[in-house]
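What follows is the content of entry-v9.txt (compact mmCIF, C-alpha atoms).
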```
# COMPACT_ATOMS: atom_id res chain seq x y z
CA MET X 766 -31.62 35.15 0.26
CA LYS X 767 -28.57 33.89 -1.53
CA ASP X 768 -26.24 35.58 1.00
CA LYS X 769 -28.15 34.01 3.88
CA SER X 770 -27.89 30.58 2.29
CA SER X 771 -24.15 31.02 1.70
CA ALA X 772 -23.63 32.10 5.31
CA THR X 773 -25.53 29.04 6.55
CA VAL X 774 -23.37 26.74 4.42
CA ALA X 775 -20.20 28.48 5.65
CA ILE X 776 -21.22 28.03 9.29
CA THR X 777 -22.06 24.38 8.68
CA VAL X 778 -18.74 23.78 6.94
CA THR X 779 -16.83 25.44 9.80
CA ALA X 780 -18.68 23.33 12.37
CA ASP X 781 -17.83 20.20 10.40
CA ARG X 782 -14.16 21.14 10.28
CA VAL X 783 -14.07 21.66 14.03
CA ALA X 784 -15.84 18.33 14.59
CA GLY X 785 -13.49 16.66 12.11
CA LEU X 786 -10.43 17.99 13.91
CA ALA X 787 -11.76 16.88 17.29
CA LEU X 788 -12.53 13.38 16.03
CA GLY X 789 -9.18 13.21 14.26
CA ALA X 790 -7.36 14.20 17.44
CA LEU X 791 -9.19 11.47 19.34
CA GLY X 792 -8.15 8.95 16.69
CA VAL X 793 -4.51 10.07 16.85
CA LEU X 794 -4.55 9.74 20.64
CA ALA X 795 -5.83 6.17 20.26
CA PHE X 796 -3.26 5.28 17.59
CA SER X 797 -0.34 6.90 19.41
CA MET X 798 -0.10 3.90 21.73
CA SER X 799 -0.15 1.36 18.89
CA LEU X 800 3.61 1.09 18.42
CA PRO X 801 4.46 0.73 22.14
CA ALA X 802 1.67 -1.81 22.55
CA THR X 803 2.91 -3.72 19.50
CA ARG X 804 6.45 -3.66 20.86
CA VAL X 805 5.23 -5.17 24.15
CA ALA X 806 3.11 -7.80 22.39
CA VAL X 807 5.70 -9.05 19.87
CA GLN X 808 8.30 -9.65 22.58
CA GLN X 809 6.26 -12.71 23.63
CA LEU X 810 3.75 -13.31 20.84
CA ASP X 811 4.45 -14.28 17.24
CA PRO X 812 4.37 -11.08 15.14
CA TRP X 813 2.09 -12.70 12.56
CA PHE X 814 -0.32 -13.66 15.33
CA VAL X 815 -0.22 -10.10 16.69
CA ALA X 816 -0.88 -8.58 13.26
CA PHE X 817 -3.66 -10.87 12.11
CA GLY X 818 -5.06 -12.06 15.43
CA ARG X 819 -5.99 -8.53 16.43
CA ALA X 820 -7.79 -8.13 13.09
CA VAL X 821 -9.79 -11.30 13.76
CA GLY X 822 -10.75 -10.11 17.23
CA ALA X 823 -11.71 -6.69 15.90
CA ALA X 824 -13.76 -8.35 13.14
CA LEU X 825 -15.87 -10.11 15.78
CA LEU X 826 -16.55 -6.72 17.38
CA ALA X 827 -17.32 -5.31 13.93
CA TRP X 828 -19.81 -8.10 13.18
CA ALA X 829 -21.62 -7.40 16.47
CA TYR X 830 -21.73 -3.67 15.73
CA LEU X 831 -23.04 -4.08 12.18
CA ARG X 832 -25.67 -6.60 13.30
CA PHE X 833 -26.81 -4.39 16.19
CA THR X 834 -27.11 -1.29 13.99
CA GLY X 835 -28.65 -3.11 11.01
CA ALA X 836 -26.14 -1.53 8.63
CA PRO X 837 -26.91 -2.06 4.90
CA ARG X 838 -24.38 -3.99 2.85
CA PRO X 839 -21.94 -1.96 0.73
CA THR X 840 -22.40 -1.73 -3.02
CA ARG X 841 -20.11 -3.56 -5.44
CA GLY X 842 -18.05 -0.42 -6.00
CA GLN X 843 -17.75 0.16 -2.27
CA TRP X 844 -16.55 -3.41 -1.73
CA ARG X 845 -13.72 -2.75 -4.20
CA ARG X 846 -12.71 0.36 -2.29
CA LEU X 847 -13.00 -1.47 1.02
CA SER X 848 -10.41 -3.95 -0.26
CA ILE X 849 -7.95 -1.05 -0.53
CA VAL X 850 -8.79 0.01 3.02
CA ALA X 851 -8.28 -3.56 4.22
CA LEU X 852 -4.94 -3.85 2.41
CA GLY X 853 -3.68 -0.67 4.05
CA VAL X 854 -4.91 -0.63 7.64
CA VAL X 855 -6.10 -4.18 8.40
CA VAL X 856 -3.25 -6.13 6.80
CA GLY X 857 -0.36 -3.89 5.72
CA PHE X 858 0.29 -1.57 8.65
CA PRO X 859 -0.25 -4.13 11.45
CA LEU X 860 1.87 -6.77 9.72
CA PHE X 861 4.87 -4.63 8.81
CA THR X 862 4.97 -2.78 12.14
CA SER X 863 4.77 -6.08 14.01
CA LEU X 864 7.66 -7.50 12.00
CA ALA X 865 9.71 -4.33 12.44
CA LEU X 866 9.18 -3.98 16.19
CA VAL X 867 10.51 -7.47 16.91
CA THR X 868 13.98 -5.93 16.63
CA GLN X 869 13.37 -2.18 16.76
CA THR X 870 12.04 0.07 19.52
CA SER X 871 8.78 1.97 19.32
CA ALA X 872 10.79 5.22 19.48
CA HIS X 873 12.64 4.22 16.33
CA GLY X 874 9.32 3.36 14.71
CA ALA X 875 8.04 6.80 15.61
CA VAL X 876 10.80 8.32 13.45
CA VAL X 877 9.68 6.51 10.32
CA ILE X 878 5.95 7.02 10.78
CA THR X 879 6.58 10.77 10.97
CA VAL X 880 6.15 10.78 7.20
CA LEU X 881 2.66 9.27 7.51
CA PRO X 882 0.77 12.63 7.44
CA ALA X 883 2.54 13.63 4.24
CA MET X 884 1.88 10.20 2.73
CA THR X 885 -1.81 10.48 3.68
CA ALA X 886 -1.98 13.90 2.03
CA VAL X 887 -0.36 12.58 -1.15
CA PHE X 888 -2.91 9.78 -1.40
CA ALA X 889 -5.70 12.25 -0.56
CA VAL X 890 -4.81 14.12 -3.72
CA GLY X 891 -4.96 10.97 -5.84
CA ARG X 892 -7.75 9.00 -4.16
CA ALA X 893 -10.04 11.71 -2.77
CA GLY X 894 -9.45 14.56 -5.22
CA GLU X 895 -8.33 17.04 -2.56
CA ARG X 896 -6.12 19.97 -3.59
CA PRO X 897 -4.38 21.57 -0.60
CA PRO X 898 -2.86 25.04 -1.21
CA PRO X 899 0.95 25.48 -1.41
CA LEU X 900 1.19 26.87 2.14
CA PHE X 901 -0.35 23.62 3.37
CA TRP X 902 2.65 21.68 2.07
CA VAL X 903 5.08 24.23 3.52
CA ALA X 904 3.49 23.96 6.98
CA SER X 905 3.39 20.17 6.71
CA ALA X 906 7.07 20.05 5.81
CA GLY X 907 7.84 22.34 8.75
CA GLY X 908 6.07 20.03 11.17
CA LEU X 909 7.77 16.99 9.65
CA LEU X 910 11.21 18.55 9.97
CA ALA X 911 10.50 19.64 13.55
CA VAL X 912 9.58 16.13 14.64
CA LEU X 913 12.48 14.56 12.76
CA ALA X 914 14.93 17.02 14.30
CA PHE X 915 13.57 16.25 17.74
CA LEU X 916 13.78 12.49 17.26
CA VAL X 917 17.26 12.63 15.73
CA SER X 918 18.53 14.86 18.55
CA ASN X 919 17.22 12.33 21.06
CA GLY X 920 19.13 9.51 19.42
CA ALA X 921 16.13 7.65 17.98
CA VAL X 922 17.87 7.31 14.61
CA ARG X 923 20.99 5.20 14.63
CA GLY X 924 22.89 3.40 11.92
CA ALA X 925 21.99 2.60 8.32
CA LEU X 926 18.64 1.62 6.89
CA SER X 927 17.77 -1.86 8.14
CA THR X 928 15.22 -4.51 7.25
CA ALA X 929 13.07 -3.19 10.07
CA ASP X 930 13.23 0.29 8.52
CA LEU X 931 12.05 -1.13 5.21
CA PHE X 932 9.16 -2.85 6.99
CA LEU X 933 8.24 0.46 8.64
CA LEU X 934 8.39 2.34 5.33
CA ALA X 935 6.12 -0.26 3.73
CA ALA X 936 3.76 0.14 6.69
CA VAL X 937 3.67 3.92 6.21
CA VAL X 938 2.91 3.72 2.48
CA LEU X 939 0.12 1.17 2.93
CA CYS X 940 -1.31 3.00 5.94
CA GLY X 941 -1.39 6.32 4.06
CA LEU X 942 -3.29 4.61 1.26
CA GLY X 943 -5.71 3.00 3.70
CA TYR X 944 -6.29 6.27 5.54
CA ALA X 945 -6.99 8.24 2.36
CA GLU X 946 -9.29 5.63 0.80
CA GLY X 947 -11.06 4.99 4.10
CA GLY X 948 -11.55 8.69 4.77
CA ALA X 949 -13.08 9.19 1.34
CA LEU X 950 -15.30 6.11 1.69
CA ALA X 951 -16.41 7.21 5.16
CA ARG X 952 -18.26 10.09 3.49
CA GLU X 953 -20.59 7.44 2.10
CA LEU X 954 -20.56 4.68 4.74
CA GLY X 955 -19.58 6.51 7.92
CA GLY X 956 -16.39 6.01 9.88
CA ALA X 957 -17.56 3.03 11.93
CA ARG X 958 -19.06 1.05 9.05
CA THR X 959 -16.01 1.65 6.87
CA ILE X 960 -13.60 -0.07 9.25
CA CYS X 961 -16.17 -2.71 10.23
CA TRP X 962 -16.81 -3.86 6.66
CA ALA X 963 -13.06 -3.77 5.91
CA LEU X 964 -12.41 -6.05 8.89
CA LEU X 965 -15.08 -8.54 7.79
CA LEU X 966 -13.80 -8.45 4.22
CA SER X 967 -10.34 -9.42 5.51
CA LEU X 968 -11.47 -12.51 7.42
CA PRO X 969 -10.65 -15.03 4.63
CA VAL X 970 -7.03 -13.87 4.96
CA THR X 971 -6.72 -13.02 8.65
CA VAL X 972 -8.34 -16.16 10.11
CA PRO X 973 -6.13 -18.81 8.39
CA ILE X 974 -2.92 -16.88 9.10
CA THR X 975 -3.91 -16.40 12.74
CA VAL X 976 -4.60 -20.11 13.15
CA VAL X 977 -1.32 -21.13 11.49
CA ALA X 978 0.66 -18.64 13.61
CA ALA X 979 -1.01 -19.87 16.81
CA VAL X 980 -0.32 -23.52 15.98
CA ALA X 981 3.28 -22.88 14.90
CA ASN X 982 4.06 -20.77 17.97
CA PRO X 983 1.51 -21.47 20.72
CA PRO X 984 1.12 -18.33 22.84
CA HIS X 985 2.40 -18.69 26.42
CA VAL X 986 2.64 -15.10 27.62
CA ASP X 987 2.05 -12.94 30.66
CA ALA X 988 -0.69 -10.42 31.42
CA ALA X 989 1.28 -7.48 30.00
CA ALA X 990 1.50 -9.02 26.53
CA TRP X 991 -2.17 -9.98 26.52
CA SER X 992 -3.12 -6.48 27.70
CA ALA X 993 -1.12 -4.96 24.86
CA PHE X 994 -2.72 -7.37 22.38
CA SER X 995 -6.19 -6.50 23.73
CA TYR X 996 -5.50 -2.79 23.26
CA LEU X 997 -4.39 -3.37 19.69
CA THR X 998 -7.57 -5.36 19.03
CA ALA X 999 -10.20 -3.17 20.67
CA VAL X 1000 -8.71 0.31 20.23
CA SER X 1001 -6.01 0.40 17.53
CA MET X 1002 -7.87 -1.91 15.16
CA PHE X 1003 -11.47 -1.00 15.98
CA LEU X 1004 -12.62 1.93 18.13
CA GLY X 1005 -9.82 4.29 17.07
CA PHE X 1006 -11.03 4.11 13.47
CA PHE X 1007 -14.56 5.12 14.48
CA ALA X 1008 -13.25 8.57 15.36
CA TRP X 1009 -10.42 8.70 12.82
CA TYR X 1010 -12.37 7.94 9.65
CA ALA X 1011 -15.28 10.12 10.77
CA GLY X 1012 -12.80 12.95 11.34
CA LEU X 1013 -11.20 12.50 7.93
CA ALA X 1014 -14.62 12.47 6.27
CA ARG X 1015 -15.86 15.61 7.99
CA GLY X 1016 -12.71 17.74 8.14
CA GLY X 1017 -10.87 16.71 4.98
CA ILE X 1018 -8.38 13.88 4.59
CA ALA X 1019 -5.26 15.95 3.91
CA GLN X 1020 -6.20 18.52 6.55
CA VAL X 1021 -7.18 16.29 9.45
CA GLY X 1022 -4.43 13.84 8.50
CA GLN X 1023 -1.82 16.41 9.52
CA ILE X 1024 -2.86 16.05 13.17
CA GLN X 1025 -0.75 12.90 12.98
CA LEU X 1026 2.28 15.18 13.22
CA ALA X 1027 1.73 15.07 16.98
CA GLN X 1028 1.62 11.27 17.03
CA PRO X 1029 5.39 10.57 17.16
CA VAL X 1030 5.80 12.78 20.21
CA LEU X 1031 2.83 11.12 21.90
CA THR X 1032 4.28 7.72 21.00
CA LEU X 1033 7.51 8.61 22.79
CA VAL X 1034 5.51 9.59 25.87
CA TRP X 1035 3.74 6.22 25.88
CA SER X 1036 7.10 4.51 25.25
CA ALA X 1037 8.47 6.14 28.38
CA LEU X 1038 5.49 5.06 30.45
CA LEU X 1039 5.26 1.51 29.10
CA LEU X 1040 8.86 0.68 28.22
CA GLY X 1041 10.87 2.90 30.57
CA GLU X 1042 12.45 5.07 27.88
CA THR X 1043 13.65 8.53 28.88
CA VAL X 1044 11.65 11.54 27.64
CA THR X 1045 13.70 14.75 27.75
CA PRO X 1046 12.33 18.28 28.24
CA ALA X 1047 12.98 18.81 24.53
CA SER X 1048 9.85 16.77 23.84
CA ILE X 1049 7.74 19.62 25.23
CA GLY X 1050 9.39 22.11 22.88
CA ALA X 1051 8.98 19.75 19.93
CA ALA X 1052 5.31 19.25 20.77
CA LEU X 1053 4.75 23.02 20.82
CA VAL X 1054 6.43 23.44 17.43
CA VAL X 1055 4.36 20.63 15.96
CA LEU X 1056 1.15 22.06 17.36
CA ALA X 1057 2.05 25.47 15.88
CA CYS X 1058 2.47 23.83 12.46
CA VAL X 1059 -0.88 22.07 12.85
CA VAL X 1060 -2.55 25.41 13.64
CA LEU X 1061 -0.93 26.98 10.56
CA ILE X 1062 -2.13 24.05 8.46
CA GLN X 1063 -5.70 24.65 9.60
CA ARG X 1064 -5.42 28.34 8.72
CA THR X 1065 -4.32 27.46 5.19
CA ARG X 1066 -7.56 25.49 4.81
CA ASN X 1067 -9.66 28.37 6.14
CA SER X 1068 -8.05 30.81 3.72
CA SER X 1069 -8.35 28.52 0.70
CA PRO X 1070 -11.29 28.49 -1.73
CA VAL X 1071 -14.28 26.40 -0.68
CA SER X 1072 -14.28 23.11 -2.54
CA ARG X 1073 -17.23 21.60 -4.35
CA ARG X 1074 -17.58 19.04 -1.57
CA ASP X 1075 -17.85 21.88 1.01
CA ARG X 1076 -20.44 23.72 -1.09
CA GLU X 1077 -22.61 20.62 -1.16
CA PRO X 1078 -22.60 19.57 2.47
CA ASP X 1079 -25.62 17.30 2.74
CA GLN X 1080 -23.99 13.90 2.47
CA PRO X 1081 -20.83 14.47 4.56
CA ARG X 1082 -22.83 16.30 7.21
CA THR X 1083 -24.64 13.11 8.13
CA ILE X 1084 -21.41 11.35 9.06
CA THR X 1085 -20.83 10.79 12.78
CA ALA X 1086 -18.24 8.98 14.80
CA ALA X 1087 -20.67 6.11 15.22
CA GLY X 1088 -21.02 5.77 11.47
```
Can you dump the structure from the file as structure tokens?
Amino acid sequence: MKDKSSATVAITVTADRVAGLALGALGVLAFSMSLPATRVAVQQLDPWFVAFGRAVGAALLAWAYLRFTGAPRPTRGQWRRLSIVALGVVVGFPLFTSLALVTQTSAHGAVVITVLPAMTAVFAVGRAGERPPPLFWVASAGGLLAVLAFLVSNGAVRGALSTADLFLLAAVVLCGLGYAEGGALARELGGARTICWALLLSLPVTVPITVVAAVANPPHVDAAAWSAFSYLTAVSMFLGFFAWYAGLARGGIAQVGQIQLAQPVLTLVWSALLLGETVTPASIGAALVVLACVVLIQRTRNSSPVSRRDREPDQPRTITAAG
């Protein structure tokens, strides 16, 4: 009886990992266009308006979603954790990437955010109590080096560290924190409700700054800039997190977070389509190397001991992309 119960739990855990990886991949696909869209938007819109205005727009969508679903309010402890999520992904990452991409290209930004999976894994250890095996870190480093080598060989890195680079590094650190905390909290609230409540919690900050930015620099832009801003609002700041946080909750923050290794390559593809940058055949080879590292990372999880969270699957198993 005990063996049958263990087998059932193992099958359930495996199914959750597969679902987590699929949701995580969908989130990465959504986020991979964020830097090119930001680059397009900040060429005509004030970067502060882009960063905070999209959060205000997404908060309106979040309010409608929470009202329609009748979601219960978070507890006091969850509100505190939501403030960390808001700091990382609602305020920090959008603001610093917007400021950086005023002067830098999205391809250059892709270089710096390559370290985001590793940063997410580091925070997963501290914030979510995950303990990846040593081979996990080796495979992660391999994927990181592969992407960096590809980007450097394509000339994405030029010159010394600039102010824009510092902005991008700050964005990566805050985003890694927001991803890890949000992924852990999504086990309790669900992916959708986690980002929705974080957006509403941020309104006292995002609304005044958006208004000031709009008054100081009234937007007079073309359809391309508004389309990019709309994408950042509806997808990068809202719908993408439905899948991403649900994936982190179900598949493991450190594990699913490594799917982001494919994001820089995808970002370069979108940069070529949106901004006319050249994508060389080397991008295909780099993508294959990165995907091989991602596969190896998943195998390290499968060969590692089952964690306490995996042995007690009831709560995480209720998490869906819709929250």
**OP:** Please indicate the distance in Å from atom CA of X:Ala979 to atom CA of X:Phe817, rounded to one decimal place.
**Re:**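 If I compute the distance from atom CA of X:Ala979 to atom CA of X:Phe817, I get 10.5 Å.
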Give me the residues of stretch 909-1014 of chain X that have any atom at most 9 Å from an atom of stretch 785-792 of chain X; for each, the nearest atom pair and the distance in Å, rounded to one decimal. Use all atoms listed in the file, sort by chain and number, and format it as a Markdown table.
```
| residue | atom | partner | partner_atom | distance |
| --- | --- | --- | --- | --- |
| X:Ser1001 | CA | X:Gly792 | CA | 8.9 |
| X:Leu1004 | CA | X:Gly792 | CA | 8.4 |
| X:Gly1005 | CA | X:Gly792 | CA | 5.0 |
| X:Phe1006 | CA | X:Gly792 | CA | 6.5 |
| X:Phe1007 | CA | X:Gly792 | CA | 7.8 |
| X:Ala1008 | CA | X:Leu788 | CA | 4.9 |
| X:Trp1009 | CA | X:Gly792 | CA | 4.5 |
| X:Tyr1010 | CA | X:Gly789 | CA | 7.7 |
| X:Ala1011 | CA | X:Leu788 | CA | 6.8 |
| X:Gly1012 | CA | X:Gly785 | CA | 3.9 |
| X:Leu1013 | CA | X:Gly785 | CA | 6.3 |
| X:Ala1014 | CA | X:Gly785 | CA | 7.3 |
```
Original post:
Given the choices X:Leu950, X:Ile1024, X:Val805, X:Val783, which gets closest to X:Trp991 if the distance is worked out from all atoms listed in the file?
Top reply: X:Val805
**OP:** Have a look at X:Phe1003, X:Trp962, X:Trp813, X:Trp828 and name the one nearest to X:Pro859; count all atoms listed in the file.
**Re:**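 Answer, going by the shortest atom-to-atom distance: X:Trp813.
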**OP:** Quote the spacing between atom CA of X:Ala906 and atom CA of X:Arg782 in Å to one decimal place.
**Re:**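 Separation between atom CA of X:Ala906 and atom CA of X:Arg782: 21.7 Å.
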Original post:
Nearest to X:Arg804 among X:Gly874, X:Gly853, X:Pro837, X:Pro897, with distances taken over all atoms listed in the file: which residue is it?
Top reply: X:Gly874
Original post:
Which distance in Å separates atom CA of X:Asp930 and atom CA of X:Ala949, to one decimal?
Top reply: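 Computed distance, atom CA of X:Asp930 to atom CA of X:Ala949, equals 28.7 Å.
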**OP:** Using all atoms listed in the file, find the one residue out of X:Ala951, X:Ala945, X:Val1021, X:Val856 that sits nearest to X:Ile974.
**Re:**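 When distances to X:Ile974 are compared using all atoms listed in the file, the smallest one comes from X:Val856.
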Original post:
Quick one: residues within 10 Å of X:Leu968, only C-alpha atoms counted, chain neighbours fewer than 3 positions away excluded, as a list in words?
Top reply: Phe817, Ala820, Val821, Ala824, Leu825, Val855, Ala963, Leu964, Leu965, Thr971, Val972, Pro973 and Ile974 of chain X
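With distances restricted to all atoms listed in the file, X:Ala957 is the closest residue to X:Leu826 from X:Ala988, X:Ala957, X:Leu1040, X:Gly941.
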Original post:
For X:Gln808, which residue among X:Val793, X:Ala829, X:Leu866, X:Cys940 is the nearest when counting only C-alpha atoms?
Top reply: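 For X:Gln808, the nearest of the candidates is X:Leu866.
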Original post:
What would the list of residues within 10 Å of (5.7, 10.4, 3.9) (file frame) look like as an MDAnalysis selection string, if all atoms listed in the file are what count?
Top reply: chainID X and resid 877:887 906 909 934 937:938 941
Store the residues picked out above in a file with C-alpha atoms, as an mmCIF file, in the frame of the given file.
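File produced: out.cif:
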```
data_model
loop_
_atom_site.group_PDB
_atom_site.id
_atom_site.type_symbol
_atom_site.label_atom_id
_atom_site.label_comp_id
_atom_site.auth_asym_id
_atom_site.auth_seq_id
_atom_site.Cartn_x
_atom_site.Cartn_y
_atom_site.Cartn_z
ATOM 1 C CA VAL X 877 9.680 6.510 10.320
ATOM 2 C CA ILE X 878 5.950 7.020 10.780
ATOM 3 C CA THR X 879 6.580 10.770 10.970
ATOM 4 C CA VAL X 880 6.150 10.780 7.200
ATOM 5 C CA LEU X 881 2.660 9.270 7.510
ATOM 6 C CA PRO X 882 0.770 12.630 7.440
ATOM 7 C CA ALA X 883 2.540 13.630 4.240
ATOM 8 C CA MET X 884 1.880 10.200 2.730
ATOM 9 C CA THR X 885 -1.810 10.480 3.680
ATOM 10 C CA ALA X 886 -1.980 13.900 2.030
ATOM 11 C CA VAL X 887 -0.360 12.580 -1.150
ATOM 12 C CA ALA X 906 7.070 20.050 5.810
ATOM 13 C CA LEU X 909 7.770 16.990 9.650
ATOM 14 C CA LEU X 934 8.390 2.340 5.330
ATOM 15 C CA VAL X 937 3.670 3.920 6.210
ATOM 16 C CA VAL X 938 2.910 3.720 2.480
ATOM 17 C CA GLY X 941 -1.390 6.320 4.060
#
```
